[in-house]
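upload.pdb (PDB, C-alpha atoms and all ligand atoms) appears below.
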```pdb
ATOM      1  CA  MET I   1      16.829 -48.527  21.787
ATOM      2  CA  ASN I   2      14.939 -45.275  22.192
ATOM      3  CA  VAL I   3      14.074 -45.573  25.875
ATOM      4  CA  CYS I   4      10.935 -43.637  26.644
ATOM      5  CA  LEU I   5       8.883 -43.930  29.794
ATOM      6  CA  ALA I   6       6.180 -41.333  29.138
ATOM      7  CA  PRO I   7       4.480 -41.671  25.737
ATOM      8  CA  CYS I   8       7.035 -40.354  23.251
ATOM      9  CA  PRO I   9       6.436 -37.410  20.956
ATOM     10  CA  VAL I  10       5.820 -38.575  17.386
ATOM     11  CA  VAL I  11       6.447 -36.054  14.606
ATOM     12  CA  PHE I  12       5.076 -36.626  11.100
ATOM     13  CA  ASP I  13       5.993 -35.461   7.641
ATOM     14  CA  LEU I  14       2.929 -34.504   5.544
ATOM     15  CA  ASP I  15       3.177 -35.010   1.761
ATOM     16  CA  GLY I  16       3.648 -38.662   0.869
ATOM     17  CA  THR I  17       3.304 -39.657   4.536
ATOM     18  CA  LEU I  18      -0.092 -38.608   5.916
ATOM     19  CA  ILE I  19      -1.598 -37.346   2.658
ATOM     20  CA  ASN I  20      -1.410 -38.269  -0.995
ATOM     21  CA  SER I  21      -1.273 -34.700  -2.288
ATOM     22  CA  ALA I  22       0.564 -35.375  -5.561
ATOM     23  CA  PRO I  23      -2.593 -35.216  -7.756
ATOM     24  CA  ASP I  24      -3.481 -31.691  -6.548
ATOM     25  CA  ILE I  25       0.152 -30.511  -6.739
ATOM     26  CA  HIS I  26       0.316 -32.002 -10.259
ATOM     27  CA  GLY I  27      -2.909 -30.217 -11.226
ATOM     28  CA  CYS I  28      -1.635 -26.821 -10.064
ATOM     29  CA  VAL I  29       1.814 -27.308 -11.628
ATOM     30  CA  ASN I  30       0.194 -28.044 -14.977
ATOM     31  CA  ALA I  31      -2.225 -25.114 -14.608
ATOM     32  CA  VAL I  32       0.801 -22.800 -14.279
ATOM     33  CA  LEU I  33       2.738 -24.493 -17.095
ATOM     34  CA  GLY I  34      -0.372 -24.261 -19.297
ATOM     35  CA  GLN I  35      -0.668 -20.508 -18.623
ATOM     36  CA  HIS I  36       2.899 -20.151 -19.957
ATOM     37  CA  GLY I  37       2.376 -22.412 -22.987
ATOM     38  CA  THR I  38       4.880 -24.942 -21.607
ATOM     39  CA  PRO I  39       4.445 -28.702 -22.204
ATOM     40  CA  LEU I  40       2.754 -30.333 -19.203
ATOM     41  CA  LEU I  41       4.346 -32.847 -16.818
ATOM     42  CA  THR I  42       3.054 -36.300 -15.903
ATOM     43  CA  LEU I  43       1.858 -37.196 -12.399
ATOM     44  CA  ASP I  44       4.893 -39.475 -11.958
ATOM     45  CA  GLN I  45       7.273 -36.663 -12.876
ATOM     46  CA  VAL I  46       5.668 -34.200 -10.455
ATOM     47  CA  ARG I  47       5.480 -36.812  -7.681
ATOM     48  CA  SER I  48       9.226 -37.387  -8.037
ATOM     49  CA  PHE I  49       9.821 -33.641  -7.502
ATOM     50  CA  ILE I  50       7.922 -33.461  -4.154
ATOM     51  CA  GLY I  51       9.672 -33.489  -0.791
ATOM     52  CA  GLY I  52      11.920 -30.439  -0.725
ATOM     53  CA  GLY I  53       9.199 -27.806  -0.580
ATOM     54  CA  VAL I  54       7.786 -25.436  -3.160
ATOM     55  CA  ASP I  55      11.086 -23.779  -4.092
ATOM     56  CA  VAL I  56      12.799 -27.125  -4.768
ATOM     57  CA  LEU I  57       9.687 -28.309  -6.660
ATOM     58  CA  TRP I  58       9.984 -25.373  -9.062
ATOM     59  CA  GLN I  59      13.761 -25.682  -9.354
ATOM     60  CA  LYS I  60      13.171 -29.232 -10.594
ATOM     61  CA  ILE I  61      10.352 -28.195 -12.941
ATOM     62  CA  ILE I  62      12.484 -25.372 -14.373
ATOM     63  CA  ALA I  63      15.346 -27.829 -14.967
ATOM     64  CA  ALA I  64      13.037 -30.449 -16.516
ATOM     65  CA  ARG I  65      11.359 -27.963 -18.891
ATOM     66  CA  GLU I  66      14.388 -25.676 -19.432
ATOM     67  CA  LEU I  67      12.425 -22.645 -18.249
ATOM     68  CA  GLU I  68      13.806 -19.252 -17.322
ATOM     69  CA  ASP I  69      15.141 -19.342 -13.782
ATOM     70  CA  ALA I  70      14.397 -15.619 -13.316
ATOM     71  CA  LYS I  71      10.672 -16.388 -13.630
ATOM     72  CA  LYS I  72      10.695 -18.764 -10.635
ATOM     73  CA  PRO I  73       9.066 -16.248  -8.248
ATOM     74  CA  ASP I  74       6.222 -15.737 -10.754
ATOM     75  CA  TYR I  75       5.734 -19.489 -11.208
ATOM     76  CA  ILE I  76       5.702 -20.005  -7.440
ATOM     77  CA  ALA I  77       3.227 -17.160  -6.846
ATOM     78  CA  ALA I  78       0.852 -18.543  -9.494
ATOM     79  CA  PHE I  79       1.272 -22.065  -8.130
ATOM     80  CA  MET I  80       0.484 -20.985  -4.546
ATOM     81  CA  THR I  81      -2.629 -19.099  -5.684
ATOM     82  CA  CYS I  82      -3.893 -22.316  -7.250
ATOM     83  CA  TYR I  83      -2.694 -24.608  -4.458
ATOM     84  CA  GLN I  84      -3.915 -22.684  -1.413
ATOM     85  CA  ASP I  85      -7.325 -24.378  -1.530
ATOM     86  CA  ALA I  86      -6.611 -27.379  -3.754
ATOM     87  CA  THR I  87      -7.722 -30.386  -1.721
ATOM     88  CA  GLN I  88     -10.207 -31.948  -4.156
ATOM     89  CA  LEU I  89      -7.796 -34.661  -5.342
ATOM     90  CA  THR I  90      -5.920 -35.070  -2.034
ATOM     91  CA  HIS I  91      -6.682 -37.819   0.473
ATOM     92  CA  LEU I  92      -5.311 -39.244   3.682
ATOM     93  CA  PHE I  93      -3.416 -42.500   3.162
ATOM     94  CA  PRO I  94      -5.421 -45.523   4.406
ATOM     95  CA  GLY I  95      -5.494 -45.907   8.185
ATOM     96  CA  VAL I  96      -3.917 -42.515   8.943
ATOM     97  CA  GLU I  97      -6.834 -41.087  10.910
ATOM     98  CA  ASP I  98      -7.198 -44.164  13.158
ATOM     99  CA  ALA I  99      -3.448 -44.400  13.760
ATOM    100  CA  LEU I 100      -3.200 -40.727  14.752
ATOM    101  CA  GLN I 101      -6.221 -41.014  17.036
ATOM    102  CA  THR I 102      -4.830 -44.166  18.689
ATOM    103  CA  LEU I 103      -1.468 -42.493  19.341
ATOM    104  CA  ALA I 104      -3.181 -39.344  20.656
ATOM    105  CA  ASP I 105      -5.471 -41.435  22.915
ATOM    106  CA  ARG I 106      -2.376 -43.167  24.324
ATOM    107  CA  GLY I 107      -0.935 -39.764  25.230
ATOM    108  CA  HIS I 108       1.723 -39.358  22.535
ATOM    109  CA  PRO I 109       2.294 -35.676  21.780
ATOM    110  CA  LEU I 110       1.944 -35.394  17.989
ATOM    111  CA  GLY I 111       3.645 -32.893  15.686
ATOM    112  CA  ILE I 112       4.083 -32.065  12.011
ATOM    113  CA  CYS I 113       7.360 -31.192  10.308
ATOM    114  CA  THR I 114       6.793 -30.598   6.592
ATOM    115  CA  ASN I 115       8.528 -28.589   3.885
ATOM    116  CA  LYS I 116       5.096 -27.468   2.656
ATOM    117  CA  PRO I 117       4.357 -23.794   3.540
ATOM    118  CA  LEU I 118       2.667 -23.444   6.939
ATOM    119  CA  ALA I 119      -0.607 -21.731   5.952
ATOM    120  CA  VAL I 120      -1.536 -24.363   3.363
ATOM    121  CA  THR I 121      -0.352 -27.134   5.711
ATOM    122  CA  ARG I 122      -2.710 -25.938   8.444
ATOM    123  CA  ALA I 123      -5.552 -25.518   5.924
ATOM    124  CA  ILE I 124      -5.123 -29.105   4.676
ATOM    125  CA  LEU I 125      -4.947 -30.552   8.209
ATOM    126  CA  ALA I 126      -8.109 -28.593   9.099
ATOM    127  CA  HIS I 127      -9.802 -29.781   5.886
ATOM    128  CA  PHE I 128      -9.265 -33.396   6.983
ATOM    129  CA  GLY I 129     -10.339 -32.622  10.567
ATOM    130  CA  ILE I 130      -6.987 -33.604  12.098
ATOM    131  CA  LEU I 131      -5.382 -30.220  12.835
ATOM    132  CA  ASP I 132      -6.318 -30.337  16.526
ATOM    133  CA  LEU I 133      -4.457 -33.619  17.020
ATOM    134  CA  PHE I 134      -1.133 -31.831  16.570
ATOM    135  CA  GLY I 135       0.485 -29.870  19.373
ATOM    136  CA  CYS I 136       2.992 -28.302  17.013
ATOM    137  CA  VAL I 137       2.958 -27.733  13.243
ATOM    138  CA  ILE I 138       6.194 -26.654  11.549
ATOM    139  CA  GLY I 139       5.991 -25.763   7.851
ATOM    140  CA  GLY I 140       8.582 -24.998   5.198
ATOM    141  CA  ASP I 141       8.510 -21.304   6.086
ATOM    142  CA  SER I 142       8.303 -21.635   9.898
ATOM    143  CA  VAL I 143      12.080 -21.433  10.373
ATOM    144  CA  PRO I 144      14.740 -20.170   7.929
ATOM    145  CA  GLU I 145      15.953 -23.696   7.039
ATOM    146  CA  ARG I 146      14.135 -26.602   5.417
ATOM    147  CA  LYS I 147      14.600 -30.377   5.657
ATOM    148  CA  PRO I 148      17.074 -32.074   5.271
ATOM    149  CA  HIS I 149      18.463 -29.384   7.627
ATOM    150  CA  PRO I 150      17.718 -30.506  11.200
ATOM    151  CA  ALA I 151      16.383 -27.085  12.343
ATOM    152  CA  PRO I 152      12.691 -27.577  11.442
ATOM    153  CA  LEU I 153      12.531 -30.990  13.100
ATOM    154  CA  ARG I 154      14.285 -29.610  16.188
ATOM    155  CA  ALA I 155      11.726 -26.781  16.219
ATOM    156  CA  ALA I 156       8.891 -29.322  16.105
ATOM    157  CA  LEU I 157      10.413 -31.235  19.037
ATOM    158  CA  GLN I 158      10.822 -28.015  20.965
ATOM    159  CA  GLY I 159       7.227 -27.066  20.192
ATOM    160  CA  LEU I 160       6.136 -30.374  21.722
ATOM    161  CA  GLY I 161       8.221 -29.743  24.823
ATOM    162  CA  ALA I 162      10.839 -32.409  23.980
ATOM    163  CA  ASP I 163      14.507 -31.656  24.613
ATOM    164  CA  PRO I 164      16.037 -31.417  21.111
ATOM    165  CA  ARG I 165      19.480 -32.396  22.461
ATOM    166  CA  GLN I 166      18.128 -35.663  23.821
ATOM    167  CA  PRO I 167      15.072 -36.330  21.727
ATOM    168  CA  ARG I 168      12.999 -39.179  23.106
ATOM    169  CA  ALA I 169      10.836 -39.058  20.057
ATOM    170  CA  LEU I 170      10.233 -40.567  16.629
ATOM    171  CA  TYR I 171      10.029 -38.978  13.213
ATOM    172  CA  VAL I 172       7.748 -40.590  10.631
ATOM    173  CA  GLY I 173       8.275 -39.684   6.970
ATOM    174  CA  ASP I 174       8.487 -40.966   3.428
ATOM    175  CA  SER I 175      11.443 -39.364   1.683
ATOM    176  CA  GLU I 176      15.171 -38.857   1.362
ATOM    177  CA  PHE I 177      14.671 -35.381   2.880
ATOM    178  CA  ASP I 178      13.060 -36.883   5.992
ATOM    179  CA  ALA I 179      15.650 -39.643   6.463
ATOM    180  CA  ALA I 180      18.542 -37.179   6.185
ATOM    181  CA  CYS I 181      16.809 -34.670   8.461
ATOM    182  CA  ALA I 182      16.190 -37.253  11.193
ATOM    183  CA  ALA I 183      19.795 -38.468  10.923
ATOM    184  CA  ALA I 184      21.010 -34.874  11.277
ATOM    185  CA  VAL I 185      19.035 -34.166  14.478
ATOM    186  CA  PRO I 186      19.751 -37.098  15.243
ATOM    187  CA  MET I 187      16.565 -39.000  16.058
ATOM    188  CA  PRO I 188      15.027 -42.376  15.159
ATOM    189  CA  PHE I 189      13.149 -42.475  11.872
ATOM    190  CA  LEU I 190      10.258 -44.696  10.765
ATOM    191  CA  ILE I 191       9.822 -44.731   6.986
ATOM    192  CA  TYR I 192       6.423 -45.068   5.272
ATOM    193  CA  THR I 193       7.213 -46.990   2.107
ATOM    194  CA  GLU I 194       4.096 -46.019   0.095
ATOM    195  CA  GLY I 195       5.059 -42.335  -0.314
ATOM    196  CA  TYR I 196       7.213 -40.392  -2.793
ATOM    197  CA  ARG I 197      10.694 -41.786  -2.084
ATOM    198  CA  GLN I 198      12.983 -42.251  -5.120
ATOM    199  CA  THR I 199      15.728 -44.257  -3.376
ATOM    200  CA  PRO I 200      15.524 -47.936  -2.315
ATOM    201  CA  VAL I 201      14.461 -48.109   1.361
ATOM    202  CA  GLY I 202      17.605 -50.041   2.282
ATOM    203  CA  GLU I 203      19.790 -47.124   1.183
ATOM    204  CA  LEU I 204      18.137 -44.645   3.566
ATOM    205  CA  PRO I 205      18.948 -44.490   7.283
ATOM    206  CA  HIS I 206      15.880 -45.631   9.234
ATOM    207  CA  LEU I 207      14.871 -47.596  12.291
ATOM    208  CA  ALA I 208      11.991 -49.508  10.720
ATOM    209  CA  PRO I 209       9.885 -49.435   7.540
ATOM    210  CA  PHE I 210       6.092 -49.773   7.397
ATOM    211  CA  ASP I 211       3.603 -49.891   4.539
ATOM    212  CA  ASP I 212       0.334 -49.789   6.488
ATOM    213  CA  PHE I 213      -0.722 -47.185   9.070
ATOM    214  CA  ALA I 214      -2.665 -49.882  10.928
ATOM    215  CA  ARG I 215       0.772 -51.153  12.022
ATOM    216  CA  LEU I 216       2.103 -47.785  13.186
ATOM    217  CA  PRO I 217       0.800 -47.636  16.792
ATOM    218  CA  ALA I 218       2.294 -51.071  17.585
ATOM    219  CA  LEU I 219       5.521 -50.092  15.831
ATOM    220  CA  VAL I 220       5.772 -46.913  17.890
ATOM    221  CA  GLU I 221       5.239 -48.807  21.135
ATOM    222  CA  MET I 222       7.784 -51.450  20.072
ATOM    223  CA  GLN I 223      10.447 -48.884  19.220
ATOM    224  CA  THR I 224       9.897 -46.864  22.359
ATOM    225  CA  ALA I 225       9.541 -49.702  24.908
ATOM    226  CA  ALA I 226      12.165 -49.617  27.641
TER     227      ALA I 226
HETATM  228  O1  LIG M 301       5.865 -29.853  -0.248
HETATM  229  C1  LIG M 301       6.865 -30.612  -0.408
HETATM  230  O2  LIG M 301       7.581 -30.641  -1.419
HETATM  231  C2  LIG M 301       7.248 -31.548   0.678
HETATM  232  O3  LIG M 301       6.369 -31.719   1.695
HETATM  233  P1  LIG M 301       6.707 -32.794   2.837
HETATM  234  O4  LIG M 301       7.892 -32.236   3.601
HETATM  235  O5  LIG M 301       5.418 -32.779   3.639
HETATM  236  O6  LIG M 301       6.979 -34.105   2.209
HETATM  237 MG    MG M 302       7.109 -36.234   2.366
END
```

As structure tokens - that is how I would like this structure written.
Amino acid sequence: MNVCLAPCPVVFDLDGTLINSAPDIHGCVNAVLGQHGTPLLTLDQVRSFIGGGVDVLWQKIIAARELEDAKKPDYIAAFMTCYQDATQLTHLFPGVEDALQTLADRGHPLGICTNKPLAVTRAILAHFGILDLFGCVIGGDSVPERKPHPAPLRAALQGLGADPRQPRALYVGDSEFDAACAAAVPMPFLIYTEGYRQTPVGELPHLAPFDDFARLPALVEMQTAA
């Protein structure tokens, strides 16, 4: 039991957890592939490559399309140019805004720990009007390591004023990267089952699953009750 007297910090993953960003990521991936005359990828393929950050995304694309590894920096630069303001096809998952507001109103410090680069992360949160709800935002380039390494999640906890050696906090995410990261901290992990995970939920370490953000505030209180 994660005993927590004051409202616990709750840290969130972004892609596949708070936002469905796969359609915009897919659009920009295919824009870059198209520029290079490379066969395009399906939305399902690109969605399955999300979670490790932009470098891992392009490693997987390069492997899938047998592209030249040396061109990865060029692909990534072109991708980021396209993606920096690509929010047209992205939306918050149902109930996210209300759940975040409820947790904030109850006094839970809220944070973000994503592998997505920080500048575009902040721009997307601002676009959806939720940036100010977060006391700390850690992106894929905020610290030298990326999830599943525990360092970014520890940095988010620290940014929220939680003691990373005794985290009285929850991490909420959707993927293998998030589950492994939380286990490495270690800290309790709630898994959103409607995101981009490739592995059966039962095979990932987690405290509780949920498929509807309307359930999250009650789940947080349940997990953190003394
Ligand atoms: O951009 C990615 O690949 C992953 O982002 P996430 O950590 O928010 O899931
Ligand atoms: Mg994710």

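Here CA of Met187 in chain I and CA of Leu170 in chain I stand 6.5 Å from one another.
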
Using the chain letters and numbers from the file, which residues does the PyMOL selection byres (((not hetatm)) within 10 of (chain M and resi 301)) grab, as a PDB file with C-alpha atoms, in the coordinates of the input?
```pdb
ATOM      1  CA  PHE I  12       5.076 -36.626  11.100  1.00  0.00           C
ATOM      2  CA  ASP I  13       5.993 -35.461   7.641  1.00  0.00           C
ATOM      3  CA  LEU I  14       2.929 -34.504   5.544  1.00  0.00           C
ATOM      4  CA  ASP I  15       3.177 -35.010   1.761  1.00  0.00           C
ATOM      5  CA  GLY I  16       3.648 -38.662   0.869  1.00  0.00           C
ATOM      6  CA  THR I  17       3.304 -39.657   4.536  1.00  0.00           C
ATOM      7  CA  LEU I  18      -0.092 -38.608   5.916  1.00  0.00           C
ATOM      8  CA  ILE I  19      -1.598 -37.346   2.658  1.00  0.00           C
ATOM      9  CA  ASN I  20      -1.410 -38.269  -0.995  1.00  0.00           C
ATOM     10  CA  SER I  21      -1.273 -34.700  -2.288  1.00  0.00           C
ATOM     11  CA  ALA I  22       0.564 -35.375  -5.561  1.00  0.00           C
ATOM     12  CA  ILE I  25       0.152 -30.511  -6.739  1.00  0.00           C
ATOM     13  CA  VAL I  46       5.668 -34.200 -10.455  1.00  0.00           C
ATOM     14  CA  ARG I  47       5.480 -36.812  -7.681  1.00  0.00           C
ATOM     15  CA  SER I  48       9.226 -37.387  -8.037  1.00  0.00           C
ATOM     16  CA  PHE I  49       9.821 -33.641  -7.502  1.00  0.00           C
ATOM     17  CA  ILE I  50       7.922 -33.461  -4.154  1.00  0.00           C
ATOM     18  CA  GLY I  51       9.672 -33.489  -0.791  1.00  0.00           C
ATOM     19  CA  GLY I  52      11.920 -30.439  -0.725  1.00  0.00           C
ATOM     20  CA  GLY I  53       9.199 -27.806  -0.580  1.00  0.00           C
ATOM     21  CA  VAL I  54       7.786 -25.436  -3.160  1.00  0.00           C
ATOM     22  CA  ASP I  55      11.086 -23.779  -4.092  1.00  0.00           C
ATOM     23  CA  VAL I  56      12.799 -27.125  -4.768  1.00  0.00           C
ATOM     24  CA  LEU I  57       9.687 -28.309  -6.660  1.00  0.00           C
ATOM     25  CA  TRP I  58       9.984 -25.373  -9.062  1.00  0.00           C
ATOM     26  CA  ILE I 112       4.083 -32.065  12.011  1.00  0.00           C
ATOM     27  CA  CYS I 113       7.360 -31.192  10.308  1.00  0.00           C
ATOM     28  CA  THR I 114       6.793 -30.598   6.592  1.00  0.00           C
ATOM     29  CA  ASN I 115       8.528 -28.589   3.885  1.00  0.00           C
ATOM     30  CA  LYS I 116       5.096 -27.468   2.656  1.00  0.00           C
ATOM     31  CA  PRO I 117       4.357 -23.794   3.540  1.00  0.00           C
ATOM     32  CA  VAL I 120      -1.536 -24.363   3.363  1.00  0.00           C
ATOM     33  CA  THR I 121      -0.352 -27.134   5.711  1.00  0.00           C
ATOM     34  CA  ILE I 138       6.194 -26.654  11.549  1.00  0.00           C
ATOM     35  CA  GLY I 139       5.991 -25.763   7.851  1.00  0.00           C
ATOM     36  CA  GLY I 140       8.582 -24.998   5.198  1.00  0.00           C
ATOM     37  CA  ARG I 146      14.135 -26.602   5.417  1.00  0.00           C
ATOM     38  CA  LYS I 147      14.600 -30.377   5.657  1.00  0.00           C
ATOM     39  CA  PRO I 148      17.074 -32.074   5.271  1.00  0.00           C
ATOM     40  CA  GLY I 173       8.275 -39.684   6.970  1.00  0.00           C
ATOM     41  CA  ASP I 174       8.487 -40.966   3.428  1.00  0.00           C
ATOM     42  CA  SER I 175      11.443 -39.364   1.683  1.00  0.00           C
ATOM     43  CA  GLU I 176      15.171 -38.857   1.362  1.00  0.00           C
ATOM     44  CA  PHE I 177      14.671 -35.381   2.880  1.00  0.00           C
ATOM     45  CA  ASP I 178      13.060 -36.883   5.992  1.00  0.00           C
ATOM     46  CA  GLY I 195       5.059 -42.335  -0.314  1.00  0.00           C
ATOM     47  CA  TYR I 196       7.213 -40.392  -2.793  1.00  0.00           C
ATOM     48  CA  ARG I 197      10.694 -41.786  -2.084  1.00  0.00           C
TER      49      ARG I 197
END
```

For this session: Could you jot down the CA of Arg106 in chain I to CA of Leu207 in chain I separation for me, Å, one decimal place?
Result: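 About the pair CA of Arg106 in chain I and CA of Leu207 in chain I: they are 21.5 Å apart.
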
Exercise. In terms of the shortest atom-to-atom distance over all atoms listed in the file, which of I:Gln223, I:Asn30, I:Thr193, I:Gln84 is closest to ligand MG 302 (chain M)?
Worked result: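 Of all the options, I:Thr193 lies closest to ligand MG 302 (chain M).
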
For this session: Work out how far CA of Leu110 in chain I is from CA of Ile130 in chain I, in Å to one decimal.
Result: 10.8 Å

For this session: Could you state which residues are captured by the PyMOL selection byres (((chain I and resi 8) around 7) and not hetatm) in this file, as a list of chain:residue names?
Result: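 That selection, the PyMOL selection byres (((chain I and resi 8) around 7) and not hetatm), comes back as I:Cys4, I:Ala6, I:Pro7, I:Pro9, I:Val10, I:His108, I:Pro109, I:Arg168, I:Ala169.
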
Problem set entry | Of the listed residues I:Gln158, I:Gln198, I:Gln88, I:Thr102, that which approaches ligand MG 302 (chain M) most closely, counting all atoms listed in the file |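 Counting all atoms listed in the file, the residue closest to ligand MG 302 (chain M) is I:Gln198.
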
Exercise. Taking the file as shown, what set of residues would the PyMOL selection byres (((chain I and resi 212) around 12) and not hetatm) give back, as a list of chain:residue names?
Worked result: I:Thr17, I:Leu18, I:Phe93, I:Pro94, I:Gly95, I:Val96, I:Asp98, I:Ala99, I:Leu190, I:Ile191, I:Tyr192, I:Thr193, I:Glu194, I:Gly195, I:Pro209, I:Phe210, I:Asp211, I:Phe213, I:Ala214, I:Arg215, I:Leu216, I:Pro217, I:Ala218, I:Leu219

Problem set entry | Of the listed residues I:Ala78, I:Cys181, I:Val220, I:Ala70, that which approaches Glu145 in chain I most closely, counting all atoms listed in the file |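 Comparing I:Ala78, I:Cys181, I:Val220, I:Ala70 against Glu145 in chain I, the winner is I:Cys181.
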
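Using all atoms listed in the file, the shortest contact distance between ligand MG 302 (chain M) and any of I:His206, I:Glu221, I:Val201, I:Val172 is found at I:Val172.
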
Exercise. Do you know which residues lie at most 12 Å from (10.3, -21.8, -17.2), with coordinates as in the file and only C-alpha atoms counted, and could you write them as an NGL selection string?
Worked result: :I and (29 or 32-40 or 58-76)

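When only C-alpha atoms are used to measure the gap to Thr87 in chain I, the shortest distance among I:Pro188, I:Gly27, I:Gly135, I:Pro144 belongs to I:Gly27.
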
Please return range 137-158 of chain I, rebuilt to N, CA and C atoms, as a PDB file, in the frame of the given file.
```
ATOM      1  N   VAL I 137       2.903 -27.576  14.704  1.00  0.00           N
ATOM      2  CA  VAL I 137       2.958 -27.733  13.243  1.00  0.00           C
ATOM      3  C   VAL I 137       4.052 -26.810  12.707  1.00  0.00           C
ATOM      4  N   ILE I 138       5.092 -27.418  12.148  1.00  0.00           N
ATOM      5  CA  ILE I 138       6.194 -26.654  11.549  1.00  0.00           C
ATOM      6  C   ILE I 138       6.120 -26.837  10.036  1.00  0.00           C
ATOM      7  N   GLY I 139       6.037 -25.729   9.308  1.00  0.00           N
ATOM      8  CA  GLY I 139       5.991 -25.763   7.851  1.00  0.00           C
ATOM      9  C   GLY I 139       7.314 -25.330   7.239  1.00  0.00           C
ATOM     10  N   GLY I 140       7.346 -25.319   5.916  1.00  0.00           N
ATOM     11  CA  GLY I 140       8.582 -24.998   5.198  1.00  0.00           C
ATOM     12  C   GLY I 140       9.028 -23.559   5.355  1.00  0.00           C
ATOM     13  N   ASP I 141       8.137 -22.703   5.856  1.00  0.00           N
ATOM     14  CA  ASP I 141       8.510 -21.304   6.086  1.00  0.00           C
ATOM     15  C   ASP I 141       8.419 -20.926   7.568  1.00  0.00           C
ATOM     16  N   SER I 142       8.393 -21.925   8.453  1.00  0.00           N
ATOM     17  CA  SER I 142       8.303 -21.635   9.898  1.00  0.00           C
ATOM     18  C   SER I 142       9.650 -21.221  10.485  1.00  0.00           C
ATOM     19  N   VAL I 143      10.727 -21.807   9.958  1.00  0.00           N
ATOM     20  CA  VAL I 143      12.080 -21.433  10.373  1.00  0.00           C
ATOM     21  C   VAL I 143      12.859 -21.172   9.085  1.00  0.00           C
ATOM     22  N   PRO I 144      14.036 -20.517   9.173  1.00  0.00           N
ATOM     23  CA  PRO I 144      14.740 -20.170   7.929  1.00  0.00           C
ATOM     24  C   PRO I 144      15.184 -21.387   7.106  1.00  0.00           C
ATOM     25  N   GLU I 145      15.443 -22.526   7.762  1.00  0.00           N
ATOM     26  CA  GLU I 145      15.953 -23.696   7.039  1.00  0.00           C
ATOM     27  C   GLU I 145      14.826 -24.689   6.741  1.00  0.00           C
ATOM     28  N   ARG I 146      15.083 -25.542   5.744  1.00  0.00           N
ATOM     29  CA  ARG I 146      14.135 -26.602   5.417  1.00  0.00           C
ATOM     30  C   ARG I 146      14.840 -27.959   5.466  1.00  0.00           C
ATOM     31  N   LYS I 147      14.036 -29.033   5.712  1.00  0.00           N
ATOM     32  CA  LYS I 147      14.600 -30.377   5.657  1.00  0.00           C
ATOM     33  C   LYS I 147      15.354 -30.552   4.334  1.00  0.00           C
ATOM     34  N   PRO I 148      16.504 -31.167   4.266  1.00  0.00           N
ATOM     35  CA  PRO I 148      17.074 -32.074   5.271  1.00  0.00           C
ATOM     36  C   PRO I 148      17.836 -31.391   6.409  1.00  0.00           C
ATOM     37  N   HIS I 149      17.844 -30.051   6.477  1.00  0.00           N
ATOM     38  CA  HIS I 149      18.463 -29.384   7.627  1.00  0.00           C
ATOM     39  C   HIS I 149      17.701 -29.811   8.889  1.00  0.00           C
ATOM     40  N   PRO I 150      18.410 -30.027   9.994  1.00  0.00           N
ATOM     41  CA  PRO I 150      17.718 -30.506  11.200  1.00  0.00           C
ATOM     42  C   PRO I 150      16.868 -29.442  11.908  1.00  0.00           C
ATOM     43  N   ALA I 151      17.041 -28.154  11.572  1.00  0.00           N
ATOM     44  CA  ALA I 151      16.383 -27.085  12.343  1.00  0.00           C
ATOM     45  C   ALA I 151      14.856 -27.224  12.415  1.00  0.00           C
ATOM     46  N   PRO I 152      14.157 -27.483  11.317  1.00  0.00           N
ATOM     47  CA  PRO I 152      12.691 -27.577  11.442  1.00  0.00           C
ATOM     48  C   PRO I 152      12.230 -28.723  12.335  1.00  0.00           C
ATOM     49  N   LEU I 153      12.921 -29.856  12.253  1.00  0.00           N
ATOM     50  CA  LEU I 153      12.531 -30.990  13.100  1.00  0.00           C
ATOM     51  C   LEU I 153      12.847 -30.687  14.566  1.00  0.00           C
ATOM     52  N   ARG I 154      13.972 -30.028  14.807  1.00  0.00           N
ATOM     53  CA  ARG I 154      14.285 -29.610  16.188  1.00  0.00           C
ATOM     54  C   ARG I 154      13.225 -28.625  16.692  1.00  0.00           C
ATOM     55  N   ALA I 155      12.759 -27.744  15.811  1.00  0.00           N
ATOM     56  CA  ALA I 155      11.726 -26.781  16.219  1.00  0.00           C
ATOM     57  C   ALA I 155      10.425 -27.502  16.573  1.00  0.00           C
ATOM     58  N   ALA I 156      10.114 -28.551  15.811  1.00  0.00           N
ATOM     59  CA  ALA I 156       8.891 -29.322  16.105  1.00  0.00           C
ATOM     60  C   ALA I 156       9.014 -30.007  17.469  1.00  0.00           C
ATOM     61  N   LEU I 157      10.192 -30.577  17.735  1.00  0.00           N
ATOM     62  CA  LEU I 157      10.413 -31.235  19.037  1.00  0.00           C
ATOM     63  C   LEU I 157      10.275 -30.222  20.165  1.00  0.00           C
ATOM     64  N   GLN I 158      10.893 -29.068  19.951  1.00  0.00           N
ATOM     65  CA  GLN I 158      10.822 -28.015  20.965  1.00  0.00           C
ATOM     66  C   GLN I 158       9.378 -27.587  21.194  1.00  0.00           C
TER      67      GLN I 158
END
```
